[in-house]
>>> print(open('final11.cif').read())   # mmCIF, C-alpha atoms
data_work
#
loop_
_atom_site.label_atom_id
_atom_site.label_comp_id
_atom_site.auth_asym_id
_atom_site.auth_seq_id
_atom_site.Cartn_x
_atom_site.Cartn_y
_atom_site.Cartn_z
CA MET S 1 -19.61 -4.13 22.17
CA ALA S 2 -21.07 -2.16 19.31
CA GLU S 3 -24.59 -2.75 18.14
CA ILE S 4 -24.93 -5.40 15.41
CA VAL S 5 -26.37 -3.80 12.26
CA LEU S 6 -26.15 -6.76 9.91
CA GLU S 7 -26.70 -10.31 11.01
CA THR S 8 -27.21 -13.62 9.26
CA LYS S 9 -28.08 -16.89 10.96
CA GLY S 10 -27.53 -20.13 9.06
CA LEU S 11 -28.31 -18.24 5.86
CA THR S 12 -28.52 -20.83 3.08
CA LYS S 13 -29.47 -20.86 -0.58
CA TYR S 14 -29.69 -23.85 -2.87
CA TYR S 15 -29.91 -23.56 -6.63
CA GLY S 16 -30.89 -27.13 -7.51
CA ALA S 17 -28.84 -29.61 -5.54
CA GLN S 18 -25.86 -27.29 -5.04
CA PRO S 19 -25.65 -24.86 -2.14
CA ALA S 20 -24.68 -21.40 -3.39
CA LEU S 21 -24.51 -20.31 0.24
CA ASP S 22 -24.19 -22.75 3.09
CA HIS S 23 -25.15 -21.74 6.65
CA LEU S 24 -23.63 -18.27 6.72
CA ASP S 25 -23.43 -16.80 10.24
CA LEU S 26 -22.36 -13.18 10.33
CA ARG S 27 -22.51 -10.36 12.85
CA ILE S 28 -21.32 -7.01 11.57
CA PRO S 29 -21.08 -4.25 14.20
CA ARG S 30 -21.98 -0.62 13.63
CA GLY S 31 -19.19 1.72 12.55
CA CYS S 32 -16.98 -0.48 10.42
CA ILE S 33 -16.18 -0.82 6.75
CA CYS S 34 -16.40 -4.50 5.98
CA GLY S 35 -14.83 -5.96 2.86
CA PHE S 36 -16.84 -8.95 1.65
CA LEU S 37 -14.41 -11.21 -0.16
CA GLY S 38 -14.58 -14.39 -2.13
CA ARG S 39 -13.70 -15.70 -5.54
CA ASN S 40 -16.16 -15.55 -8.43
CA GLY S 41 -19.10 -17.79 -7.65
CA ALA S 42 -18.32 -17.93 -3.94
CA GLY S 43 -21.83 -16.76 -3.08
CA LYS S 44 -21.32 -13.07 -2.33
CA THR S 45 -24.08 -11.72 -4.58
CA THR S 46 -26.47 -14.45 -3.41
CA ALA S 47 -25.74 -13.51 0.21
CA ILE S 48 -26.16 -9.78 -0.43
CA LYS S 49 -29.47 -10.27 -2.26
CA MET S 50 -30.85 -12.31 0.64
CA MET S 51 -29.64 -9.70 3.15
CA LEU S 52 -31.65 -7.11 1.24
CA GLY S 53 -34.72 -9.33 0.97
CA LEU S 54 -34.43 -9.55 -2.82
CA LEU S 55 -34.01 -13.30 -2.78
CA GLU S 56 -35.68 -15.84 -0.57
CA PRO S 57 -33.38 -18.02 1.53
CA THR S 58 -33.73 -21.80 1.34
CA ALA S 59 -33.00 -21.83 5.06
CA GLY S 60 -31.82 -19.48 7.77
CA SER S 61 -32.40 -15.76 8.06
CA ALA S 62 -30.82 -12.36 7.71
CA SER S 63 -31.57 -9.06 9.39
CA LEU S 64 -30.54 -5.47 8.76
CA LEU S 65 -30.71 -2.82 11.49
CA GLY S 66 -32.53 -5.37 13.63
CA CYS S 67 -35.31 -5.99 11.09
CA ASP S 68 -35.77 -9.33 9.32
CA SER S 69 -34.68 -9.08 5.68
CA THR S 70 -37.82 -10.76 4.33
CA ASP S 71 -39.88 -8.10 6.05
CA LEU S 72 -37.99 -4.81 5.69
CA THR S 73 -40.38 -1.94 6.30
CA PRO S 74 -40.14 1.27 4.24
CA ALA S 75 -38.91 3.04 7.39
CA ILE S 76 -36.00 0.61 7.69
CA ARG S 77 -35.27 0.65 3.94
CA GLN S 78 -34.85 4.42 4.13
CA ARG S 79 -31.86 3.89 6.37
CA ILE S 80 -30.16 1.45 3.98
CA GLY S 81 -28.30 2.20 0.76
CA TYR S 82 -27.67 -0.41 -1.90
CA VAL S 83 -25.46 -0.30 -4.95
CA THR S 84 -25.94 -3.18 -7.37
CA GLU S 85 -23.33 -4.94 -9.39
CA GLY S 86 -23.05 -3.24 -12.78
CA HIS S 87 -24.86 -0.03 -11.71
CA ARG S 88 -28.14 -0.80 -13.42
CA LEU S 89 -30.01 2.48 -13.69
CA PHE S 90 -33.03 3.43 -15.76
CA ARG S 91 -31.49 4.27 -19.08
CA TRP S 92 -34.16 6.62 -20.39
CA MET S 93 -34.05 8.95 -17.40
CA THR S 94 -31.96 12.07 -17.00
CA ILE S 95 -29.82 12.35 -13.87
CA ALA S 96 -32.31 14.93 -12.51
CA ARG S 97 -35.26 12.61 -13.12
CA LEU S 98 -33.40 9.71 -11.54
CA GLU S 99 -32.66 11.86 -8.49
CA LYS S 100 -36.36 12.64 -8.07
CA PHE S 101 -37.21 8.96 -8.48
CA GLN S 102 -34.63 7.88 -5.88
CA GLN S 103 -35.46 10.76 -3.53
CA ALA S 104 -39.03 9.44 -3.25
CA PHE S 105 -37.71 6.40 -1.38
CA PHE S 106 -35.81 8.59 1.09
CA PRO S 107 -38.21 11.49 1.66
CA GLU S 108 -36.78 12.55 5.00
CA GLN S 109 -33.04 12.54 4.63
CA TRP S 110 -32.20 13.21 0.96
CA ASP S 111 -29.33 15.72 0.83
CA GLU S 112 -29.91 17.69 -2.38
CA LYS S 113 -26.87 19.86 -1.97
CA PHE S 114 -24.59 16.89 -1.41
CA PHE S 115 -25.98 15.20 -4.53
CA ALA S 116 -25.57 18.34 -6.64
CA ASP S 117 -22.02 18.82 -5.37
CA MET S 118 -21.06 15.29 -6.25
CA ILE S 119 -22.55 15.53 -9.75
CA GLU S 120 -20.62 18.75 -10.26
CA TYR S 121 -17.43 17.23 -8.86
CA PHE S 122 -17.79 14.39 -11.37
CA GLU S 123 -18.15 17.01 -14.14
CA LEU S 124 -21.59 15.73 -15.05
CA SER S 125 -24.78 17.67 -15.70
CA LYS S 126 -28.16 16.75 -14.27
CA LYS S 127 -29.63 17.15 -17.75
CA GLN S 128 -27.65 14.23 -19.12
CA LYS S 129 -29.49 11.01 -19.87
CA ILE S 130 -28.24 7.81 -18.31
CA LYS S 131 -28.08 6.05 -21.68
CA HIS S 132 -25.55 8.61 -22.92
CA LEU S 133 -23.17 8.06 -20.00
CA SER S 134 -20.10 5.87 -19.98
CA ASN S 135 -19.80 2.95 -17.55
CA GLY S 136 -17.63 5.06 -15.27
CA GLN S 137 -20.08 7.97 -15.29
CA ARG S 138 -22.99 5.64 -14.52
CA ALA S 139 -20.99 4.31 -11.58
CA GLN S 140 -20.41 7.89 -10.39
CA VAL S 141 -24.14 8.63 -10.58
CA SER S 142 -24.92 5.49 -8.64
CA LEU S 143 -22.36 6.44 -5.97
CA ALA S 144 -23.98 9.87 -5.62
CA LEU S 145 -27.44 8.29 -5.44
CA ALA S 146 -26.25 5.88 -2.74
CA LEU S 147 -24.60 8.53 -0.55
CA ALA S 148 -27.14 11.36 -0.87
CA PRO S 149 -29.63 9.83 1.61
CA ASN S 150 -26.79 9.53 4.15
CA PRO S 151 -27.51 5.83 4.77
CA GLU S 152 -26.82 4.24 8.13
CA LEU S 153 -25.93 1.03 6.36
CA LEU S 154 -24.51 1.00 2.85
CA ILE S 155 -24.25 -2.30 0.98
CA MET S 156 -22.40 -2.38 -2.32
CA ASP S 157 -22.01 -5.40 -4.55
CA ASP S 158 -18.68 -5.15 -6.36
CA PRO S 159 -19.19 -1.43 -7.03
CA THR S 160 -15.83 -0.85 -8.70
CA LEU S 161 -15.92 -3.78 -11.11
CA GLY S 162 -14.37 -2.71 -14.38
CA LEU S 163 -13.81 0.91 -13.32
CA ASP S 164 -10.63 2.87 -13.83
CA ALA S 165 -8.30 3.70 -10.93
CA VAL S 166 -9.55 7.29 -10.55
CA ILE S 167 -13.22 6.33 -10.26
CA ARG S 168 -12.33 3.43 -7.97
CA ARG S 169 -10.57 5.91 -5.70
CA GLN S 170 -13.69 8.11 -5.71
CA PHE S 171 -15.68 5.14 -4.39
CA LEU S 172 -13.11 4.63 -1.64
CA GLU S 173 -13.27 8.34 -0.78
CA GLY S 174 -17.05 8.08 -0.66
CA MET S 175 -16.86 5.19 1.81
CA ILE S 176 -14.35 7.01 4.02
CA GLU S 177 -16.51 10.15 3.89
CA LEU S 178 -19.56 8.16 4.98
CA ILE S 179 -17.80 6.25 7.74
CA THR S 180 -16.41 9.39 9.35
CA ARG S 181 -20.01 10.39 10.04
CA GLN S 182 -21.14 8.96 13.33
CA GLY S 183 -22.57 5.46 13.36
CA ARG S 184 -22.36 4.63 9.66
CA THR S 185 -21.54 1.11 8.42
CA VAL S 186 -20.45 -0.14 5.00
CA LEU S 187 -20.34 -3.65 3.57
CA PHE S 188 -18.88 -3.98 0.10
CA SER S 189 -17.67 -6.83 -2.04
CA SER S 190 -14.64 -6.46 -4.25
CA HIS S 191 -11.89 -8.37 -5.98
CA ILE S 192 -9.42 -5.49 -5.76
CA LEU S 193 -7.57 -6.44 -2.60
CA ALA S 194 -5.49 -3.26 -2.55
CA ASP S 195 -8.72 -1.22 -2.38
CA VAL S 196 -10.08 -3.43 0.37
CA GLU S 197 -6.88 -3.05 2.36
CA ARG S 198 -7.08 0.74 2.13
CA VAL S 199 -10.56 1.24 3.46
CA ALA S 200 -11.75 -1.90 5.24
CA ASP S 201 -11.14 -2.51 8.92
CA ARG S 202 -12.97 -5.80 8.86
CA ILE S 203 -13.19 -8.59 6.32
CA VAL S 204 -15.47 -11.52 5.65
CA VAL S 205 -14.17 -14.25 3.37
CA ILE S 206 -16.47 -16.87 1.87
CA ASP S 207 -15.39 -19.72 -0.34
CA LYS S 208 -17.76 -22.04 -2.24
CA GLY S 209 -20.64 -20.72 -0.16
CA VAL S 210 -18.91 -21.39 3.16
CA LEU S 211 -17.67 -18.77 5.62
CA ARG S 212 -13.89 -18.96 5.94
CA ALA S 213 -13.02 -15.80 7.87
CA ASP S 214 -14.78 -13.01 9.73
CA CYS S 215 -12.27 -10.85 11.55
CA SER S 216 -10.45 -7.54 11.57
CA LEU S 217 -8.29 -6.90 8.54
CA GLU S 218 -5.31 -6.56 10.84
CA GLN S 219 -5.97 -9.97 12.35
CA PHE S 220 -6.15 -11.56 8.90
CA ARG S 221 -2.94 -9.81 7.86
CA ALA S 222 -1.22 -11.12 10.98
CA SER S 223 -2.50 -14.71 10.85
CA VAL S 224 -1.89 -15.87 7.27
CA ARG S 225 1.88 -16.34 7.11
CA LYS S 226 4.48 -18.06 5.05
CA VAL S 227 7.61 -19.60 6.51
CA VAL S 228 10.58 -21.17 4.74
CA LEU S 229 12.54 -23.80 6.68
CA TYR S 230 16.06 -24.82 5.72
CA PHE S 231 17.33 -28.37 6.27
CA ASP S 232 20.85 -29.76 6.11
CA ASP S 233 19.84 -33.01 4.50
CA SER S 234 16.36 -33.85 3.30
CA VAL S 235 13.08 -32.25 4.21
CA PRO S 236 10.66 -34.20 6.40
CA ALA S 237 7.98 -36.21 4.60
CA ASP S 238 5.07 -35.16 6.80
CA VAL S 239 4.11 -31.81 8.16
CA GLU S 240 1.81 -32.19 11.12
CA LEU S 241 0.90 -28.65 11.97
CA GLU S 242 -2.59 -27.50 12.75
CA GLY S 243 -3.36 -24.55 10.49
CA LEU S 244 -1.31 -25.72 7.54
CA LEU S 245 -2.76 -24.35 4.28
CA HIS S 246 -0.11 -25.24 1.76
CA CYS S 247 3.21 -26.99 1.71
CA ARG S 248 5.79 -26.75 -1.05
CA ARG S 249 9.13 -28.49 -0.98
CA SER S 250 12.43 -28.42 -2.74
CA GLU S 251 15.58 -30.42 -1.99
CA ARG S 252 16.53 -28.76 1.27
CA GLN S 253 13.76 -26.25 1.79
CA LEU S 254 10.23 -26.47 2.95
CA GLU S 255 7.79 -23.62 2.39
CA LEU S 256 4.71 -23.66 4.58
CA THR S 257 1.70 -21.38 4.41
CA LEU S 258 0.02 -21.30 7.77
CA VAL S 259 -3.01 -19.72 9.31
CA GLY S 260 -3.22 -18.83 12.98
CA VAL S 261 0.09 -20.47 13.91
CA ASP S 262 2.37 -18.38 16.08
CA GLU S 263 6.12 -18.22 15.87
CA ALA S 264 6.68 -20.34 18.97
CA GLU S 265 4.70 -23.21 17.44
CA VAL S 266 6.71 -22.95 14.23
CA ALA S 267 9.97 -22.95 16.21
CA ALA S 268 8.90 -25.99 18.23
CA TRP S 269 7.84 -27.91 15.14
CA ALA S 270 11.02 -26.97 13.27
CA LYS S 271 13.11 -28.26 16.14
CA ARG S 272 11.25 -31.57 16.14
CA ALA S 273 11.71 -31.77 12.37
CA GLY S 274 15.45 -31.26 12.77
CA THR S 275 16.24 -27.63 12.01
CA GLU S 276 16.46 -24.30 13.74
CA ARG S 277 16.80 -22.23 10.61
CA TYR S 278 13.67 -20.64 9.22
CA ASP S 279 12.50 -17.28 7.89
CA PHE S 280 9.09 -15.76 7.77
CA VAL S 281 8.28 -14.35 4.34
CA GLU S 282 6.13 -11.25 4.31
CA MET S 283 3.05 -11.37 2.11
CA ASN S 284 0.73 -8.69 0.86
CA LEU S 285 -3.03 -9.02 1.27
CA GLU S 286 -3.53 -10.32 -2.26
CA ASP S 287 -1.00 -13.13 -1.77
CA GLN S 288 -2.56 -13.95 1.56
CA PHE S 289 -6.00 -14.12 -0.03
CA ILE S 290 -4.76 -16.38 -2.83
CA GLU S 291 -3.03 -18.71 -0.38
CA PHE S 292 -6.09 -18.69 1.85
CA THR S 293 -8.64 -19.50 -0.86
CA ALA S 294 -6.63 -21.56 -3.36
CA PRO S 295 -7.40 -25.27 -3.33
CA PRO S 296 -5.11 -27.30 -1.06
CA HIS S 297 -2.09 -28.98 -2.66
CA ARG S 298 -2.63 -26.86 -5.70
CA ARG S 299 -0.17 -27.24 -8.49
CA ARG S 300 1.05 -24.41 -10.58
CA LEU S 301 -0.70 -24.12 -13.91
CA PHE S 302 2.63 -23.73 -15.61
CA GLN S 303 5.45 -25.70 -14.15
CA TRP S 304 8.90 -26.70 -15.24
CA GLU S 305 9.86 -30.28 -14.63
CA GLU S 306 10.83 -30.60 -10.99
CA ALA S 307 14.38 -31.25 -9.99
CA ARG S 308 14.77 -34.77 -8.72
CA PRO S 309 16.23 -35.28 -5.25
CA MET X 1 -2.06 20.85 8.95
CA GLY X 2 -2.94 20.21 5.33
CA ALA X 3 0.70 20.21 4.37
CA MET X 4 1.45 17.80 7.15
CA ALA X 5 0.40 14.71 5.24
CA LEU X 6 2.21 15.68 2.06
CA TRP X 7 5.22 13.56 2.87
CA MET X 8 3.13 10.56 3.82
CA GLN X 9 2.78 7.95 1.12
CA ILE X 10 0.49 5.03 1.69
CA SER X 11 0.93 2.11 -0.58
CA SER X 12 -1.83 -0.46 -0.63
CA GLY X 13 -0.81 -3.90 -1.82
CA SER X 14 2.43 -3.70 0.13
CA GLU X 15 3.75 -6.41 2.44
CA THR X 16 3.73 -3.84 5.22
CA PRO X 17 0.28 -3.27 6.74
CA ILE X 18 -0.96 0.30 6.33
CA TYR X 19 -0.95 1.11 10.05
CA LEU X 20 2.72 0.12 10.19
CA GLN X 21 3.52 2.26 7.15
CA LEU X 22 2.06 5.20 9.07
CA VAL X 23 3.99 4.34 12.23
CA GLU X 24 7.23 4.03 10.28
CA GLN X 25 6.78 7.25 8.34
CA ILE X 26 5.82 9.33 11.35
CA SER X 27 8.61 7.80 13.47
CA SER X 28 11.08 8.51 10.69
CA ALA X 29 9.88 12.11 10.34
CA ILE X 30 10.37 12.59 14.09
CA ALA X 31 13.82 10.96 14.01
CA LYS X 32 14.91 13.19 11.13
CA GLY X 33 13.55 16.31 12.78
CA GLU X 34 10.90 16.94 10.12
CA LEU X 35 8.40 16.76 12.95
CA ARG X 36 9.50 18.53 16.10
CA THR X 37 8.55 18.44 19.74
CA GLY X 38 5.14 20.02 20.19
CA ASP X 39 4.08 19.64 16.54
CA LYS X 40 0.50 18.57 16.21
CA LEU X 41 -0.41 15.51 14.14
CA PRO X 42 -3.51 15.81 11.95
CA ALA X 43 -6.79 14.68 13.49
CA VAL X 44 -7.58 11.01 12.81
CA ARG X 45 -10.53 11.78 10.56
CA VAL X 46 -8.64 14.44 8.63
CA LEU X 47 -5.69 12.19 7.92
CA ALA X 48 -7.98 9.26 7.06
CA ALA X 49 -9.87 11.37 4.52
CA GLU X 50 -6.67 12.81 3.09
CA LEU X 51 -4.92 9.47 2.64
CA VAL X 52 -8.18 7.61 1.82
CA ILE X 53 -7.69 4.99 4.49
CA ASN X 54 -9.89 3.72 7.29
CA PRO X 55 -9.97 6.06 10.33
CA ASN X 56 -9.43 3.06 12.62
CA THR X 57 -6.14 2.40 10.84
CA VAL X 58 -4.95 5.93 11.63
CA ALA X 59 -6.14 5.61 15.23
CA ARG X 60 -4.27 2.32 15.56
CA ALA X 61 -1.05 3.93 14.29
CA TYR X 62 -1.43 6.85 16.72
CA THR X 63 -1.96 4.42 19.60
CA ILE X 64 1.25 2.56 18.76
CA LEU X 65 3.18 5.83 18.49
CA GLU X 66 1.76 6.85 21.83
CA GLN X 67 2.71 3.54 23.46
CA SER X 68 6.27 3.99 22.27
CA GLY X 69 6.26 7.48 23.76
CA LEU X 70 6.83 9.35 20.50
CA VAL X 71 3.58 11.26 20.73
CA THR X 72 1.15 12.19 23.47
CA THR X 73 -2.57 12.63 23.14
CA LYS X 74 -4.23 15.44 25.02
CA THR X 75 -7.89 14.71 25.47
CA GLY X 76 -10.08 16.96 23.36
CA SER X 77 -7.10 18.73 21.85
CA GLY X 78 -5.11 16.38 19.68
CA THR X 79 -1.96 14.35 19.30
CA TYR X 80 1.42 16.03 19.66
CA VAL X 81 5.05 15.02 19.16
CA SER X 82 6.36 14.48 22.65
CA ASP X 83 9.50 15.74 24.32
CA PRO X 84 12.41 13.34 23.61
CA LYS X 85 13.48 13.53 27.27
CA LEU X 86 10.20 11.92 28.25
CA ARG X 87 10.51 9.03 25.82
CA HIS X 88 11.51 5.63 27.01
CA ALA X 89 12.93 2.69 25.13
CA ASP X 90 12.29 -0.54 26.94
CA ALA X 91 14.25 -3.76 26.55
CA ALA X 92 11.63 -5.40 24.34
CA GLU X 93 11.74 -2.56 21.86
CA ILE X 94 15.52 -2.61 21.76
CA ASN X 95 15.32 -6.35 21.12
CA LEU X 96 12.95 -5.76 18.24
CA LEU X 97 15.35 -3.22 16.84
CA ALA X 98 18.23 -5.70 17.10
CA GLU X 99 16.17 -8.28 15.20
CA ARG X 100 15.49 -5.85 12.40
CA MET X 101 19.19 -5.04 12.23
CA ASP X 102 19.84 -8.76 11.80
CA THR X 103 17.65 -8.78 8.71
CA LEU X 104 19.68 -5.96 7.21
CA ILE X 105 23.00 -7.51 8.17
CA THR X 106 21.92 -10.79 6.54
CA ARG X 107 21.29 -8.92 3.32
CA ALA X 108 24.61 -7.14 3.54
CA VAL X 109 26.47 -10.42 4.10
CA ASN X 110 24.68 -11.99 1.15
CA LEU X 111 25.69 -9.03 -0.99
CA GLY X 112 29.28 -9.76 -0.08
CA LEU X 113 29.97 -6.70 2.11
CA ASP X 114 32.70 -7.13 4.72
CA ARG X 115 32.77 -5.69 8.23
CA GLY X 116 34.61 -2.52 7.17
CA ALA X 117 32.27 -1.72 4.29
CA LEU X 118 29.20 -2.34 6.40
CA THR X 119 30.46 -0.18 9.28
CA ALA X 120 31.29 2.63 6.86
CA LEU X 121 27.83 2.43 5.35
CA PHE X 122 26.24 2.48 8.81
CA GLU X 123 28.25 5.57 9.83
CA LYS X 124 27.29 7.31 6.60
CA ARG X 125 23.58 6.70 7.17
CA LEU X 126 23.87 7.86 10.77
CA GLU X 127 24.92 11.27 9.49
CA ARG X 128 21.37 11.83 8.27
CA PHE X 129 20.17 11.72 11.85
CA ALA X 130 23.08 13.66 13.30
CA GLY X 131 20.89 16.51 14.52
CA ARG X 132 18.81 14.25 16.72
CA LEU X 133 21.47 11.77 17.77
CA ASP X 134 24.07 14.21 19.05
CA LYS X 135 21.68 16.45 20.95
CA GLY X 136 20.79 13.92 23.64
CA LYS X 137 24.04 12.16 24.29
CA ALA X 138 27.04 14.29 23.39
CA GLU X 139 29.52 11.62 24.41
CA ASN X 140 28.41 9.17 21.74
CA GLY X 141 30.61 8.52 18.68
#
>>> encode(input="final11.cif", output="structure tokens")
Amino acid sequence: MAEIVLETKGLTKYYGAQPALDHLDLRIPRGCICGFLGRNGAGKTTAIKMMLGLLEPTAGSASLLGCDSTDLTPAIRQRIGYVTEGHRLFRWMTIARLEKFQQAFFPEQWDEKFFADMIEYFELSKKQKIKHLSNGQRAQVSLALALAPNPELLIMDDPTLGLDAVIRRQFLEGMIELITRQGRTVLFSSHILADVERVADRIVVIDKGVLRADCSLEQFRASVRKVVLYFDDSVPADVELEGLLHCRRSERQLELTLVGVDEAEVAAWAKRAGTERYDFVEMNLEDQFIEFTAPPHRRRLFQWEEARP
Amino acid sequence: MGAMALWMQISSGSETPIYLQLVEQISSAIAKGELRTGDKLPAVRVLAAELVINPNTVARAYTILEQSGLVTTKTGSGTYVSDPKLRHADAAEINLLAERMDTLITRAVNLGLDRGALTALFEKRLERFAGRLDKGKAENG
């Protein structure tokens, strides 16, 4: 079992009477890239800020590299990289000045050559001022700043929000580059599921402040499934299957979205319900995520009048 | 080795998980003779960086290829395409293959193809693999 580098225990935050994060328990092992997923307002940024000690929890605790988040020492902070949502950098500074500023926090392990190479690769000049850069260029600078100290743990809050495909890919390359170094760990939040699928080997899903999944990406891919059952006459009125997320019906077909139900259970239930004909429908990660986090019994926003049986 | 990954195309957002895309593409390259016995696959980290995918995903694909006998890993040296004579197809794998054929046959039936048309199509596609198919068992077909 790999060492746990990020842990939360009952981590909770209330804004007024509403919990933004409700008893989050997480254990992220060293050496993985973890995609932190959830819809807008699910509590991701709140969780990340508490992990970094930037926000005080209402209850519970978080720790990074074995050190409590409310008490991160400079020595521990040096081993952690953080990229904020929106890449807020000091606008009046030049890239060179910003490098010096950032370097001061990581005196021992700042890799000047790596930083210079990245700035050159991005076709930027260290003399440029932050305020004259585009959103994409600011994001590139913040990626270079985050990777230059070679952090053991890199936490990024929706780093590719609003960026074009090329710059998004550069962020993914950066994460892969970091993770291929021994013992590095990345946690990043994102809404681009295709990006998450590419680089993450583990995912955490939260919904309305509550943890819904913490598993390998492969396990998630394998456990959220859709099956269509075909009936000769009418479809059964009730579906009693543990792990049922959604159920849609037409005259002679029943479409079930299931989580953690294996094929044998589906076959057994189908037989009891009076059919042996069913097909599993393959889903991509985005569809799986939508099915997994959409409210139960959701209706389509736009819907034609249903055919009557 | 750099050219090796040129023919590999990873598509994120697909119904097929990325590790399976790798397994399918490497298996297909071996079946078509694009990768030959003794060819070395790129190192996990190299391929991961090149395709911009998680190294564990590449490792997972290599493990599956190894379990099916298509490649062998020599400790400290790398992963190589194995000798076809040493490969084994067990009953479970043949079953899996039969199931996948069912999916294709279902489609063909729904498209309105009859037995003759489907057989002809199958024979035509087999030609693409002629080099590999006829080497092992000369009596076939």
>>> resolve_selection(input="final11.cif", expression="the PyMOL selection byres ((chain S) within 10 of (chain X))", output="ChimeraX atom specification")
/S:31-33,169-170,172-177,179-181,192-201,217-218,221-222,279,281-288
>>> atom_distance(input="final11.cif", atom1="atom CA of S:Ile48", atom2="atom CA of S:Asp157")
7.3 Å
>>> atom_distance(input="final11.cif", atom1="atom CA of S:Asp233", atom2="atom CA of S:Glu265")
22.2 Å
>>> resolve_selection(input="final11.cif", expression="the PyMOL selection byres ((chain S and resi 145) around 9)", output="short mmCIF file (atom, residue, chain, number, x, y, z; two decimals) with C-alpha atoms, in the coordinates of the input")
data_model
loop_
_atom_site.label_atom_id
_atom_site.label_comp_id
_atom_site.auth_asym_id
_atom_site.auth_seq_id
_atom_site.Cartn_x
_atom_site.Cartn_y
_atom_site.Cartn_z
CA GLY S 81 -28.30 2.20 0.76
CA VAL S 83 -25.46 -0.30 -4.95
CA LEU S 98 -33.40 9.71 -11.54
CA GLU S 99 -32.66 11.86 -8.49
CA GLN S 102 -34.63 7.88 -5.88
CA GLN S 103 -35.46 10.76 -3.53
CA PHE S 115 -25.98 15.20 -4.53
CA GLN S 140 -20.41 7.89 -10.39
CA VAL S 141 -24.14 8.63 -10.58
CA SER S 142 -24.92 5.49 -8.64
CA LEU S 143 -22.36 6.44 -5.97
CA ALA S 144 -23.98 9.87 -5.62
CA ALA S 146 -26.25 5.88 -2.74
CA LEU S 147 -24.60 8.53 -0.55
CA ALA S 148 -27.14 11.36 -0.87
CA PRO S 149 -29.63 9.83 1.61
#
>>> atom_distance(input="final11.cif", atom1="atom CA of X:Asp39", atom2="atom CA of X:Val71")
9.4 Å
>>> closest_residue(input="final11.cif", among="S:Ile206, S:Val224, S:Leu187, S:Ala139", to="S:Asp22", atoms="all atoms listed in the file")
S:Ile206
>>> closest_residue(input="final11.cif", among="S:Arg138, S:Lys127, S:Leu64, S:Lys208", to="S:Leu89", atoms="all atoms listed in the file")
S:Arg138
>>> residues_around(input="final11.cif", residues="stretch 93-96 of chain X", least_positions_apart="5", cutoff="12 Å", atoms="only C-alpha atoms", output="count of residues only")
7
>>> resolve_selection(input="final11.cif", expression="the PyMOL selection byres ((chain S and resi 40-44) around 12)", output="PyMOL selection string")
chain S and resi 11-15+18-24+35-39+45-51+85+155-158+187-191+204-212+293
>>> closest_residue(input="final11.cif", among="S:Asp262, S:Cys215, S:Ala59, S:Leu54", to="S:Asp71", atoms="all atoms listed in the file")
S:Leu54
>>> closest_residue(input="final11.cif", among="X:Arg100, X:Arg107, X:Lys40, X:Arg60", to="X:Thr79", atoms="all atoms listed in the file")
X:Lys40
>>> residues_around(input="final11.cif", residues="S:Leu72", least_positions_apart="6", cutoff="9 Å", atoms="all atoms listed in the file", output="number ranges by chain")
S: 52-53, 63-64
